[in-house]
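Structure, as structure tokens:
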Amino acid sequence: MTRIGLVVNPVAGLGGRVGLGGTDGPDRPRVALSLGARPQAGARAAAALGELAARAGESARDGLLVVTAAGPLGADSVAAAGLADRIVYAAVAGRDTTAADTAAAVRAVVAEGVDLLLFAGGDGTARDVLGALSALGDVRCPVLGVPTGVKMHSAVFAVGPRAAGEVAAAWLGRTGGVRLRDAEVMDRDEDALDEGRVTSRLHGWLPVPDVPVRVQQRKTGSTTVSPGAVGGIAAEVAERVGEGLLVLGPGTTTRAVAAALGADISLTGVDALALRPGRPPRVVARDAREDTLLALGPARIALSPIGGQGFLLGRGNQQISPRVLRAAGGRAHLLVLCTEAKLAALGGRPLLLDTGDDALDAELSGHLPVITGRRRTSLYRLAM
């Protein structure tokens, strides 16, 4: 029987749509829930298992056992996918799950002997997995992350939940000559953030099935953006929007564009500007939540892809949710901003979409103009 491990961090990603960033720390999950956040990690883990089961086929499915933890730490997702499980860990009833539960669950699952460990979470969860495996002395256990967090700078994650199932099926079936590669476990460098830079700190490596395009790259650090390039992009954005509302996603490029327009916005949040030709823009929302963006009304949405990874939606900007994108008018009101150097660094890899809504990702996929300067665009592919 093929054994696959699953550990879910049930609070991963809770802070995204309510504008809290990550959910690291004991208090943030409760704050996120009080603001109306809804857990997503379990459903995304179930989607990964469902894709794995579909690709494995009926006979292989019958021989698949998921070794996991009780309840929201894994078993709920296994049940939703209709697979058989073996529960080897349970958190203490009546209290919130913690990083210690993640680590304990990983140790219990891996001790059973699994062909692949799937974990659902973000960068903080990846660090917990690395720590647990290091404590066991078993950092060679094959690992794959199902992306469910807010910030996922590490290279141990699939590009989406269904992609995780696809990669898992390829590894377990030994199809296509899939091998392991050492992938970086990264997390945001908070000291650099205080200095106005979005960059990551390396914490170690984990062995991940190497399936190009379906497993994400690590995030590269932010670099100085050329004033000339930013000024041209800002002028093009101002002309296209005219007088109206502009929602800007997080990142160095979008912040520099806002500064060129005459506004100071946050580096890691989602902000909204009221553009007024001939006058400086007015900041109408800072670090906006999903509900705030929906209440603002029609807007153009400007985003810049994450350096190195190429993610446009679904990484660090979950406030710009499927509901927000649909209310804004979808592709017609989406402005993609990127310097030519940043676009060239992707080496032809597509810009990636992981909104959590497969139908919307399919609608947004295809070629879209990317604004690279004044009167300058590059037609570039967006993909799920």
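Ligands are numbered from 1 in the order shown, residues from 1 within each chain, and chains are lettered A, B, ... in the order they appear in the structure tokens.
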
Region 30-136 of chain A: residues DSSP assigns to helix (DSSP H, G or I), reported as a PyMOL selection string: chain A and resi 30-34+41-56+58-62+71-73+75-81+99-111+123-136

Write out as JSON, numbers by chain the residues lying within 8 Å of Arg289 (chain A), counting only C-alpha atoms and excluding same-chain residues fewer than 2 positions away. {"A": [17, 18, 19, 270, 287, 291, 292, 293, 319]}

Restrict the selected residues to N, CA and C atoms and save them as an mmCIF file, in the first residue's frame.
```
data_model
loop_
_atom_site.group_PDB
_atom_site.id
_atom_site.type_symbol
_atom_site.label_atom_id
_atom_site.label_comp_id
_atom_site.auth_asym_id
_atom_site.auth_seq_id
_atom_site.Cartn_x
_atom_site.Cartn_y
_atom_site.Cartn_z
ATOM 1 N N ARG A 17 -7.395 37.727 3.490
ATOM 2 C CA ARG A 17 -8.477 38.568 2.969
ATOM 3 C C ARG A 17 -8.887 39.687 3.914
ATOM 4 N N VAL A 18 -8.498 39.563 5.203
ATOM 5 C CA VAL A 18 -8.836 40.622 6.150
ATOM 6 C C VAL A 18 -7.654 41.545 6.409
ATOM 7 N N GLY A 19 -6.615 41.438 5.565
ATOM 8 C CA GLY A 19 -5.530 42.406 5.576
ATOM 9 C C GLY A 19 -4.551 42.304 6.720
ATOM 10 N N VAL A 270 -2.633 46.293 0.601
ATOM 11 C CA VAL A 270 -3.381 46.695 -0.586
ATOM 12 C C VAL A 270 -4.020 48.048 -0.293
ATOM 13 N N ASP A 287 -3.991 49.570 3.569
ATOM 14 C CA ASP A 287 -4.040 48.215 4.132
ATOM 15 C C ASP A 287 -5.465 47.686 4.135
ATOM 16 N N ASP A 291 -13.538 43.294 2.394
ATOM 17 C CA ASP A 291 -14.821 43.979 2.496
ATOM 18 C C ASP A 291 -14.687 45.474 2.211
ATOM 19 N N THR A 292 -13.543 46.063 2.571
ATOM 20 C CA THR A 292 -13.308 47.477 2.266
ATOM 21 C C THR A 292 -13.240 47.700 0.761
ATOM 22 N N LEU A 293 -12.534 46.833 0.062
ATOM 23 C CA LEU A 293 -12.401 46.965 -1.388
ATOM 24 C C LEU A 293 -13.750 46.800 -2.078
ATOM 25 N N GLN A 319 -6.473 39.836 -0.328
ATOM 26 C CA GLN A 319 -7.564 40.811 -0.187
ATOM 27 C C GLN A 319 -8.249 41.052 -1.536
#
```

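Between CA of Pro207 (chain A) and CA of Ala158 (chain A) the separation is 13.0 Å.
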
Selected residue, from A:Leu118, A:Ala288, A:Ile4, A:Cys338, that lies nearest to Val257 (chain A) when counting only C-alpha atoms: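 Checking each candidate against Val257 (chain A), we get A:Cys338 as the closest.
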
Which residues are close to Arg86 (chain A), i.e. within 8 Å by only C-alpha atoms, leaving aside same-chain residues fewer than 3 positions away? Reply as a list in words. Leu65, Val66, Val67 and Thr68 of chain A

Can you tell me, as a ChimeraX atom specification, what residues are no more than 9 Å from Gly165 (chain A) when counting only C-alpha atoms, ignoring any on the same chain fewer than 6 positions away? /A:47-55,146,158

Considering only C-alpha atoms, return as a PyMOL selection string whatever protein or nucleic-acid residues lie within 10 Å of Gly15 (chain A), sequence-local ones (same chain, fewer than 2 positions apart) excluded. chain A and resi 11-13+17-24+28-33+35-39+149-150+289+316+318-319

Could you check which of A:Arg381, A:His203, A:Lys342, A:Arg300 is closest to Thr253 (chain A), using only C-alpha atoms?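 Among the listed residues, the smallest separation from Thr253 (chain A) belongs to A:Lys342.
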
Measuring between only C-alpha atoms, which one of A:Leu353, A:Val106, A:Leu296, A:Ala263 shows the shortest distance to Ser134 (chain A)? A:Val106

Residues flagged strand (DSSP E) by DSSP in region 195-284 of chain A, as a PyMOL selection string: chain A and resi 200-209+244-248+271-276+279-284

Write the residues of the preceding selection, restricted to C-alpha atoms, as a compact mmCIF listing (two decimals), in the first residue's frame.
```txt
# COMPACT_ATOMS: atom_id res chain seq x y z
CA SER A 200 13.41 36.71 2.40
CA ARG A 201 15.68 34.88 4.80
CA LEU A 202 16.89 31.33 4.12
CA HIS A 203 16.18 28.79 6.87
CA GLY A 204 17.21 25.54 5.18
CA TRP A 205 16.34 23.08 2.44
CA LEU A 206 13.85 20.26 1.98
CA PRO A 207 13.76 17.61 -0.80
CA VAL A 208 10.87 18.28 -3.18
CA PRO A 209 9.77 16.39 -6.34
CA GLY A 244 -11.28 57.23 -10.97
CA LEU A 245 -10.34 54.69 -8.35
CA LEU A 246 -7.11 52.70 -8.54
CA VAL A 247 -6.44 49.71 -6.26
CA LEU A 248 -2.74 48.91 -5.92
CA ASP A 271 -4.21 50.40 -0.93
CA ALA A 272 -6.66 52.45 -2.99
CA LEU A 273 -6.09 55.85 -4.60
CA ALA A 274 -8.55 58.31 -6.07
CA LEU A 275 -6.81 59.65 -9.19
CA ARG A 276 -7.57 63.21 -10.21
CA ARG A 279 -3.89 67.03 -8.91
CA PRO A 280 -2.11 64.63 -6.55
CA PRO A 281 -4.01 61.39 -5.91
CA ARG A 282 -5.87 60.92 -2.63
CA VAL A 283 -5.38 57.78 -0.54
CA VAL A 284 -8.90 56.50 0.19
```

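The two atoms in question, CA of Pro10 (chain A) and CA of Leu73 (chain A), are spaced 6.2 Å apart.
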
Close residues, Leu294 (chain A) itself excluded, 9 Å, only C-alpha atoms, min 5 positions apart in chain, as number ranges by chain: A: 289, 323-324, 327-328

Expected file: the selected residues, N, CA and C atoms, as an mmCIF file, in the first residue's frame:
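Below is the file part.cif, written as the result:
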```cif
data_model
loop_
_atom_site.group_PDB
_atom_site.id
_atom_site.type_symbol
_atom_site.label_atom_id
_atom_site.label_comp_id
_atom_site.auth_asym_id
_atom_site.auth_seq_id
_atom_site.Cartn_x
_atom_site.Cartn_y
_atom_site.Cartn_z
ATOM 1 N N ARG A 289 -8.961 45.663 3.599
ATOM 2 C CA ARG A 289 -9.451 44.296 3.648
ATOM 3 C C ARG A 289 -10.347 44.051 2.439
ATOM 4 N N ARG A 323 -14.214 37.718 -5.454
ATOM 5 C CA ARG A 323 -15.357 38.644 -5.424
ATOM 6 C C ARG A 323 -14.935 40.054 -5.820
ATOM 7 N N VAL A 324 -13.766 40.495 -5.329
ATOM 8 C CA VAL A 324 -13.273 41.829 -5.670
ATOM 9 C C VAL A 324 -12.943 41.918 -7.158
ATOM 10 N N ALA A 327 -16.168 41.994 -9.185
ATOM 11 C CA ALA A 327 -16.851 43.285 -9.027
ATOM 12 C C ALA A 327 -16.153 44.382 -9.827
ATOM 13 N N ALA A 328 -14.834 44.249 -9.973
ATOM 14 C CA ALA A 328 -14.068 45.245 -10.723
ATOM 15 C C ALA A 328 -14.190 45.070 -12.232
#
```

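For the choices A:Ala104, A:Ala235, A:Ala70, A:Val7, the atom-to-atom distance to Leu144 (chain A) is smallest for A:Val7 when using only C-alpha atoms.
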
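Minimum atom-to-atom distances from A:Ala56, A:Val156, A:Val336, A:Ile265 to Glu184 (chain A) were compared using only C-alpha atoms, and the lowest value belongs to A:Val156.
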